[in-house]
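Read the structure below first, then the notes.
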Amino acid sequence: MKKKKLDMLTKAKLIYSGELLIFAIVFLVFGILRITGVMAGNATRSAIFNWVTIFGGSWLIIDLLWALFSKKRRPRIALIDKCLHAPAGVYLVSFDIYCFVTHPDPASDVYRYGVPIVLFYLCSCYIFESIYHFFKPIPGLLEIEEAEKAEQEAKVVAEQEAEIVESEKEGDQNDQN
């Protein structure tokens with residue numbers, strides 16, 4: 001029995017969906033480790049988390065606004081992804097501001113439950129995206145597929161034209177003999 005060869009678009013969708021699923025698993029594992037206390041916090045780790053996520057959360061919000069207001073960028077991206085991640089951005093910025101103002105103990109429930117909340121949320125977003133983008137690929141992926149199809153069609157046309165020219169040459173040579 002001969003295996004059916006996957007086309008380039010299906011391979012790309014599988015790879016992209018697989019990558020998103022890997023992100024989801026990583027966020028899930030970190031969330032579970034953090035909420036169970038296996039991955040304990042300390043002052044340095046908490047400060048690094050807050051500084052990284054205040055910029056990351058801000059970027060999620062800015063990225064959504066950029067996607068909404070940029071007519072050039074909007075056709076190439078999946079707006080649903082930006083909308084799904086925006087609540088995480090708002091949560092992270094709010095959480096970080098709260099932590100900067102109140103300076104909670106890194107071992108407190110603020111970090112023990114506050115950090116996993118966003119990790120579980122991002123996990124659920126990436127699980128959804130991995131399934132959704134397998135059936136509805138991101139527009140940028142479709143553009144690449146269309147360019148490859150056009151390139152293959154041009155190659156086939158060029159090969160057909162070369163065959164026609166060669167057959168005409170053979171016909172001319174037969175006529176001369």
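In the structure tokens, each chain is lettered A, B, ... as it comes, each chain's residues begin at 1, and ligands are numbered from 1 in order of appearance.
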
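For Ile144 (chain A), the set of protein, DNA and RNA residues having any atom at most 12 Å away, when counting only C-alpha atoms and skipping those fewer than 5 positions along the same chain, is Met8, Leu9, Ala12, Lys13, Arg76, Pro137, Ile138, Pro139, Lys149, Ala150 and Glu151 of chain A.
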
Could those residues be written to a file, using N, CA and C atoms, as a CSV table (one decimal), in the first residue's frame?
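Everything below was put into result.csv:
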```
chain,number,residue,atom,x,y,z
A,8,MET,N,2.6,20.5,0.8
A,8,MET,CA,3.4,21.5,1.6
A,8,MET,C,2.5,22.3,2.6
A,9,LEU,N,1.3,22.6,2.2
A,9,LEU,CA,0.4,23.3,3.1
A,9,LEU,C,0.1,22.5,4.4
A,12,ALA,N,3.1,22.3,6.6
A,12,ALA,CA,3.3,23.6,7.3
A,12,ALA,C,2.2,23.7,8.5
A,13,LYS,N,1.0,23.3,8.2
A,13,LYS,CA,-0.1,23.4,9.2
A,13,LYS,C,0.2,22.5,10.4
A,76,ARG,N,-2.0,39.9,6.9
A,76,ARG,CA,-1.0,38.9,7.1
A,76,ARG,C,-1.0,38.1,8.4
A,137,PRO,N,-5.6,28.1,8.6
A,137,PRO,CA,-4.2,28.6,8.7
A,137,PRO,C,-4.1,30.1,8.7
A,138,ILE,N,-3.0,30.6,9.3
A,138,ILE,CA,-2.8,32.0,9.3
A,138,ILE,C,-2.6,32.5,7.9
A,139,PRO,N,-3.0,33.7,7.6
A,139,PRO,CA,-2.9,34.3,6.3
A,139,PRO,C,-1.5,34.3,5.7
A,149,LYS,N,2.9,27.6,-5.1
A,149,LYS,CA,2.1,27.1,-6.2
A,149,LYS,C,2.4,27.8,-7.5
A,150,ALA,N,2.4,29.1,-7.4
A,150,ALA,CA,2.7,29.9,-8.6
A,150,ALA,C,4.1,29.6,-9.2
A,151,GLU,N,5.1,29.4,-8.3
A,151,GLU,CA,6.4,29.0,-8.8
A,151,GLU,C,6.4,27.6,-9.4
```

Using DSSP on the backbone, list every residue of region 99-153 of chain A that comes out as helix (DSSP H, G or I), and give them as number ranges by chain.
A: 99-102, 109-135, 139-153

Which is closest to Gly57 (chain A) among A:His85, A:Lys72, A:Arg112, A:Arg45, if we use only C-alpha atoms?
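Closest candidate: A:His85.
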
Residue contacts of region 125-132 of chain A (8 Å, only C-alpha atoms) excluding same-chain residues fewer than 5 positions away, as a list in words
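What passes the distance filter is Tyr16, Ser17, Gly18, Glu19, Leu20, Leu21, Phe23, Ala24, Asp81, Leu84, His85 and Pro137 of chain A.
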
Residue among A:Glu153, A:Thr10, A:Ala88, A:Ala43 lying closest to Tyr121 (chain A), counting only C-alpha atoms
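For Tyr121 (chain A), the nearest of the given residues is A:Ala88.
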
Pick from A:Val115, A:Ile61, A:Leu79, A:Ser70: nearest to Leu33 (chain A), with only C-alpha atoms counted?
A:Val115

Restricting the calculation to only C-alpha atoms, which member of A:Lys82, A:Ala162, A:Leu6, A:Asp105 is positioned closest to Ala67 (chain A)?
A:Lys82

Between A:Ile35, A:Val52, A:Ala40, A:Leu28, single out the one closest to Pro106 (chain A), counting only C-alpha atoms.
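Among A:Ile35, A:Val52, A:Ala40, A:Leu28, it is A:Ala40 that comes nearest to Pro106 (chain A).
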
Nearest to Phe120 (chain A), chosen from A:Ile15, A:Ile164, A:Ala107, A:Ile32, with only C-alpha atoms counted in the distances:
A:Ile32

CA of Lys5 (chain A) and CA of Glu159 (chain A), how far apart in Å?
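So the answer is 22.9 Å.
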
Expressed in Å to a single decimal, how great is the separation between CA of Gly31 (chain A) and CA of Pro116 (chain A)?
4.4 Å
